[in-house]
$ cat structure.txt   # compact mmCIF, C-alpha atoms
# COMPACT_ATOMS: atom_id res chain seq x y z
CA LEU A 1 13.44 -25.69 2.02
CA LEU A 2 10.11 -25.32 0.23
CA VAL A 3 9.87 -26.83 -3.24
CA ALA A 4 7.05 -25.69 -5.51
CA PRO A 5 4.65 -28.49 -6.51
CA LEU A 6 4.58 -29.52 -10.17
CA ARG A 7 1.79 -28.78 -12.60
CA GLN A 8 -0.44 -31.80 -13.04
CA GLY A 9 0.87 -34.04 -15.82
CA THR A 10 4.04 -32.00 -16.34
CA LYS A 11 7.44 -31.46 -14.78
CA GLU A 12 6.96 -27.68 -14.63
CA PRO A 13 6.64 -26.09 -11.17
CA MET A 14 3.40 -24.31 -10.34
CA PRO A 15 3.54 -20.49 -10.00
CA VAL A 16 4.18 -19.35 -6.44
CA VAL A 17 0.85 -17.52 -6.31
CA ALA A 18 -1.02 -20.75 -7.12
CA TRP A 19 0.24 -22.75 -4.16
CA ILE A 20 1.41 -20.39 -1.44
CA LYS A 21 -2.09 -19.26 -0.39
CA PRO A 22 -3.36 -22.85 0.20
CA LEU A 23 -0.12 -23.54 2.06
CA ILE A 24 -0.68 -20.60 4.40
CA VAL A 25 -4.29 -21.64 5.03
CA ALA A 26 -3.17 -25.21 5.75
CA CYS A 27 -0.50 -24.04 8.18
CA LEU A 28 -2.99 -21.89 10.04
CA SER A 29 -5.56 -24.67 10.20
CA VAL A 30 -3.18 -27.14 11.83
CA GLY A 31 -1.74 -24.61 14.24
CA VAL A 32 1.73 -24.31 12.73
CA LEU A 33 1.53 -20.55 13.23
CA LYS A 34 0.75 -20.41 16.93
CA VAL A 35 -0.22 -16.76 17.13
CA ASN A 36 -3.37 -14.91 18.07
CA GLN A 37 -5.98 -13.79 15.57
CA PRO A 38 -4.87 -10.12 15.31
CA LYS A 39 -1.36 -11.22 14.36
CA ILE A 40 -2.76 -13.61 11.77
CA ASP A 41 -4.88 -10.79 10.34
CA ARG A 42 -1.87 -8.46 10.13
CA PHE A 43 0.20 -11.16 8.44
CA LEU A 44 -2.47 -11.90 5.85
CA MET A 45 -3.13 -8.20 5.19
CA ALA A 46 0.56 -7.59 4.54
CA PHE A 47 0.88 -10.73 2.42
CA PHE A 48 -2.00 -9.88 0.08
CA ARG A 49 -0.96 -6.22 0.01
CA ASP A 50 2.52 -7.15 -1.19
CA LEU A 51 1.14 -9.73 -3.61
CA GLY A 52 -1.07 -6.97 -5.05
CA ARG A 53 1.90 -4.60 -5.26
CA HIS A 54 3.91 -7.21 -7.18
CA LYS A 55 1.08 -7.82 -9.66
CA ALA A 56 0.50 -4.09 -10.17
CA ARG A 57 4.21 -3.54 -10.70
CA LYS A 58 4.28 -6.24 -13.38
CA ARG A 59 1.27 -4.69 -15.15
CA ALA A 60 2.77 -1.21 -15.04
CA ASN A 61 6.24 -2.23 -16.10
CA ALA A 62 6.89 -5.23 -18.31
CA GLY A 63 10.57 -4.87 -17.51
CA ASN A 64 10.07 -5.21 -13.77
CA ASN A 65 12.91 -7.33 -12.44
CA LYS A 66 11.83 -7.54 -8.81
CA SER A 67 10.83 -11.07 -7.87
CA LEU A 68 7.72 -11.90 -5.89
CA ILE A 69 9.88 -13.30 -3.09
CA THR A 70 11.80 -10.02 -2.86
CA THR A 71 8.54 -8.14 -2.40
CA LEU A 72 7.02 -10.64 0.04
CA LEU A 73 10.18 -10.60 2.15
CA ARG A 74 9.99 -6.79 2.09
CA LYS A 75 13.45 -6.37 0.60
CA ASP A 76 12.23 -3.86 -1.99
CA ASN A 77 12.05 -0.09 -1.67
CA PRO A 78 8.35 0.88 -1.87
CA MET A 79 9.21 4.50 -2.61
CA GLU A 80 10.51 3.43 -6.02
CA ASP A 81 6.88 2.84 -7.00
CA ILE A 82 6.04 6.55 -6.65
CA MET A 83 6.94 8.56 -9.73
CA ILE A 84 8.22 12.13 -9.45
CA GLU A 85 6.25 13.46 -12.40
CA GLN A 86 2.98 12.24 -10.88
CA GLU A 87 3.87 13.90 -7.61
CA ASP A 88 4.40 17.20 -9.43
CA GLU A 89 1.02 16.94 -11.12
CA SER A 90 -0.76 16.00 -7.88
CA SER A 91 0.45 19.19 -6.21
CA ASN A 92 -2.53 20.91 -7.88
CA LEU A 93 -5.08 18.59 -6.28
CA PRO A 94 -7.45 19.86 -3.53
CA THR A 95 -6.33 19.81 0.09
CA TYR A 96 -8.53 18.18 2.74
CA THR A 97 -8.59 18.84 6.45
CA PRO A 98 -9.42 15.80 8.62
CA ALA A 99 -12.96 17.18 9.10
CA GLU A 100 -13.45 17.68 5.36
CA LEU A 101 -12.13 14.21 4.57
CA LEU A 102 -14.68 12.69 6.95
CA GLU A 103 -17.53 14.90 5.75
CA PHE A 104 -17.01 14.47 2.02
CA GLY A 105 -15.36 11.04 1.92
CA ASN A 106 -17.44 8.93 4.30
CA GLY A 107 -19.15 6.98 1.50
CA LEU A 108 -22.62 7.80 2.78
CA GLY A 109 -25.31 9.02 0.41
CA ASP A 110 -23.76 10.33 -2.77
CA HIS A 111 -20.33 10.83 -1.19
CA PRO A 112 -17.35 8.82 -2.44
CA ILE A 113 -15.25 6.67 -0.13
CA LEU A 114 -11.99 8.52 0.47
CA ILE A 115 -9.02 7.46 2.57
CA GLY A 116 -5.82 9.30 3.47
CA ILE A 117 -2.37 7.73 3.62
CA MET A 118 0.90 9.60 4.15
CA GLY A 119 -0.55 12.94 3.07
CA ARG A 120 -2.37 11.67 -0.01
CA VAL A 121 -6.09 11.08 -0.55
CA TYR A 122 -7.37 8.18 -2.65
CA ASP A 123 -10.88 7.42 -3.89
CA VAL A 124 -11.52 3.77 -3.01
CA SER A 125 -15.21 3.79 -3.93
CA SER A 126 -14.66 0.90 -6.35
CA GLY A 127 -13.68 -1.17 -3.33
CA GLU A 128 -17.00 -0.61 -1.58
CA ARG A 129 -17.22 -4.25 -0.54
CA PHE A 130 -14.10 -3.63 1.56
CA TYR A 131 -14.49 0.01 2.64
CA GLY A 132 -18.26 0.55 2.39
CA PRO A 133 -20.71 0.43 5.34
CA GLU A 134 -20.88 -3.37 5.20
CA GLY A 135 -17.19 -3.88 4.47
CA ARG A 136 -14.52 -5.27 6.75
CA TYR A 137 -12.65 -1.96 6.68
CA SER A 138 -15.67 0.34 6.87
CA LEU A 139 -14.02 2.33 9.68
CA PHE A 140 -11.37 3.51 7.21
CA ALA A 141 -13.81 5.60 5.15
CA GLY A 142 -13.15 9.32 5.51
CA HIS A 143 -10.02 8.94 7.66
CA ASP A 144 -6.27 9.26 7.49
CA ILE A 145 -5.42 5.59 8.01
CA THR A 146 -1.64 5.97 8.11
CA TYR A 147 -1.39 5.06 11.79
CA ALA A 148 -3.88 2.18 11.56
CA LEU A 149 -2.16 0.52 8.60
CA SER A 150 1.40 1.10 9.78
CA THR A 151 0.66 -0.49 13.17
CA GLY A 152 -1.78 -3.13 11.95
CA CYS A 153 -4.44 -1.88 14.39
CA ARG A 154 -7.95 -1.55 12.95
CA THR A 155 -9.83 -0.39 16.04
CA LYS A 156 -11.78 2.88 15.99
CA GLU A 157 -9.16 4.43 18.29
CA CYS A 158 -6.31 3.51 15.93
CA VAL A 159 -8.19 4.68 12.83
CA GLU A 160 -8.70 8.09 14.45
CA MET A 161 -5.12 8.30 15.71
CA PRO A 162 -2.86 10.89 13.99
CA PRO A 163 0.31 9.40 12.50
CA ASN A 164 2.62 11.45 14.69
CA GLY A 165 5.47 9.55 16.32
CA LEU A 166 5.67 6.60 13.95
CA GLU A 167 9.16 5.14 13.79
CA GLY A 168 11.33 2.65 11.93
CA LYS A 169 9.37 -0.40 10.81
CA GLN A 170 6.06 1.42 11.21
CA ILE A 171 7.11 4.09 8.71
CA LEU A 172 8.27 1.40 6.29
CA GLU A 173 4.89 -0.30 6.61
CA ALA A 174 3.15 3.01 5.90
CA LYS A 175 5.26 3.41 2.75
CA ARG A 176 4.32 -0.10 1.58
CA TRP A 177 0.66 0.72 2.03
CA LEU A 178 1.17 3.99 0.16
CA SER A 179 2.75 1.98 -2.66
CA PHE A 180 -0.27 -0.37 -2.67
CA PHE A 181 -2.83 2.41 -3.07
CA HIS A 182 -0.62 4.39 -5.47
CA MET A 183 -0.27 1.46 -7.86
CA HIS A 184 -3.85 0.20 -7.59
CA ASP A 185 -5.67 0.36 -10.92
CA LYS A 186 -8.99 1.40 -9.40
CA TYR A 187 -8.02 3.76 -6.58
CA PRO A 188 -7.21 7.16 -8.13
CA LEU A 189 -5.33 9.89 -6.31
CA VAL A 190 -7.84 12.73 -5.78
CA GLY A 191 -6.30 15.03 -3.20
CA LYS A 192 -3.83 15.64 -0.42
CA LEU A 193 -4.12 16.08 3.32
CA GLU A 194 -3.53 19.29 5.21
CA GLY A 195 -0.09 19.41 6.82
CA ASN A 196 3.51 18.70 5.86
CA TYR A 197 3.07 15.07 4.79
CA PHE A 198 2.88 15.85 1.11
CA GLN A 199 5.92 18.12 0.99
CA ASP A 200 7.95 15.69 3.10
CA LEU A 201 7.03 12.87 0.74
CA LEU A 202 7.94 14.90 -2.32
CA SER A 203 11.30 15.82 -0.77
CA GLU A 204 12.03 12.14 -0.11
CA LEU A 205 11.15 11.25 -3.69
CA VAL A 206 13.47 13.95 -5.01
CA ASP A 207 16.29 12.62 -2.81
CA LEU A 208 15.63 9.09 -4.08
CA SER A 209 15.72 10.33 -7.67
CA ILE A 210 19.07 12.02 -7.09
CA GLN A 211 20.53 8.84 -5.61
CA GLN A 212 19.28 6.65 -8.46
CA ASN A 213 19.75 8.90 -11.48
CA GLY A 214 21.62 12.02 -10.45
CA GLY A 215 20.91 15.53 -11.71
CA ASP A 216 21.79 17.19 -14.97
CA SER A 217 24.52 19.80 -15.42
CA LYS A 218 22.16 22.51 -14.18
CA GLY A 219 21.21 20.57 -11.08
CA ASN A 220 17.76 19.65 -12.37
CA ILE A 221 16.37 16.36 -11.13
CA GLN A 222 16.00 13.53 -13.61
CA PRO A 223 12.82 11.49 -12.88
CA PRO A 224 13.24 7.80 -12.02
CA ILE A 225 13.16 5.36 -14.93
CA PHE A 226 10.97 2.31 -14.35
$ encode --input "structure.txt" --output "structure tokens"
Amino acid sequence: LLVAPLRQGTKEPMPVVAWIKPLIVACLSVGVLKVNQPKIDRFLMAFFRDLGRHKARKRANAGNNKSLITTLLRKDNPMEDIMIEQEDESSNLPTYTPAELLEFGNGLGDHPILIGIMGRVYDVSSGERFYGPEGRYSLFAGHDITYALSTGCRTKECVEMPPNGLEGKQILEAKRWLSFFHMHDKYPLVGKLEGNYFQDLLSELVDLSIQQNGGDSKGNIQPPIF
């Protein structure tokens, strides 16, 4: 059982965020996690993604009652982070084909850096140090990265792979990544991808809203309350 270290000079425990990262680094350095580098990368990507989701959720909703541990253990429902009313508004955004996304969202010249995830297109230009030409995830620019993120594979082949055939845990991973980009303060939603992704996502959100809040007497959907 892990016990959080105490703040220096007090009997108060340190916040989880303050000590868990050094703990992970220490474990990796002494070989406690005996896995290969790709698995380590996937673990760290998921960890910092979910840490970011938790922080964004707290900023967006002061009444958020989901603990950090719940999010890190992936016991939360990432679809709860997507609001119905925003989905309705985004239905008027431009639609990109894969070729158009690559042409106009490759980050080269005056073009923004656009990425697609589960039928939605986000502008991640403010994260140029990650997604720009010199960034670690430069291959993501101008692509639908649903398959790459859901499988944890960042090769050129995976980045260019369509997300057809994803199942189970892979789809859940894709939804967590969608939640990450959706809630990010600096990555605005700017479009949608050609295909049925968007409509399928909207249908799932409507179903979730019905389960959580029910409909009114006329059968109209009540948006989720966060």
$ residues_around --input "structure.txt" --residues "range 100-113 of chain A" --least-positions-apart "2" --cutoff "12 Å" --atoms "only C-alpha atoms" --output "PyMOL selection string"
chain A and resi 94-98+115-117+119-135+137-145+159-160+187-188+190-194
$ residues_around --input "structure.txt" --residues "Cys158 in chain A" --least-positions-apart "6" --cutoff "9 Å" --atoms "only C-alpha atoms" --output "number ranges by chain"
A: 145, 147-149, 151-152
$ residues_around --input "structure.txt" --residues "Arg42 in chain A" --least-positions-apart "3" --cutoff "10 Å" --atoms "only C-alpha atoms" --output "list in words"
Gln37, Pro38, Lys39, Met45, Ala46, Phe47, Leu149, Thr151, Gly152, Cys153 and Arg154 of chain A
$ atom_distance --input "structure.txt" --atom1 "CA of Met161 in chain A" --atom2 "CA of His54 in chain A"
29.1 Å
$ closest_residue --input "structure.txt" --among "A:Arg53, A:Arg136, A:Lys156, A:Lys58" --to "Arg74 in chain A" --atoms "all atoms listed in the file"
A:Arg53
$ closest_residue --input "structure.txt" --among "A:Lys175, A:Arg59, A:Lys75, A:His182" --to "Met118 in chain A" --atoms "only C-alpha atoms"
A:Lys175
$ atom_distance --input "structure.txt" --atom1 "CA of Lys186 in chain A" --atom2 "CA of Pro163 in chain A"
25.1 Å
$ closest_residue --input "structure.txt" --among "A:Leu189, A:Pro78, A:Thr146, A:Ile69" --to "Leu166 in chain A" --atoms "all atoms listed in the file"
A:Thr146
$ atom_distance --input "structure.txt" --atom1 "CA of Leu72 in chain A" --atom2 "CA of Glu173 in chain A"
12.4 Å
$ residues_around --input "structure.txt" --residues "Lys55 in chain A" --least-positions-apart "3" --cutoff "12 Å" --atoms "only C-alpha atoms" --output "VMD selection string"
chain A and resid 17 48 to 52 58 to 62 64 66 to 68 71 to 72 180 183 to 185
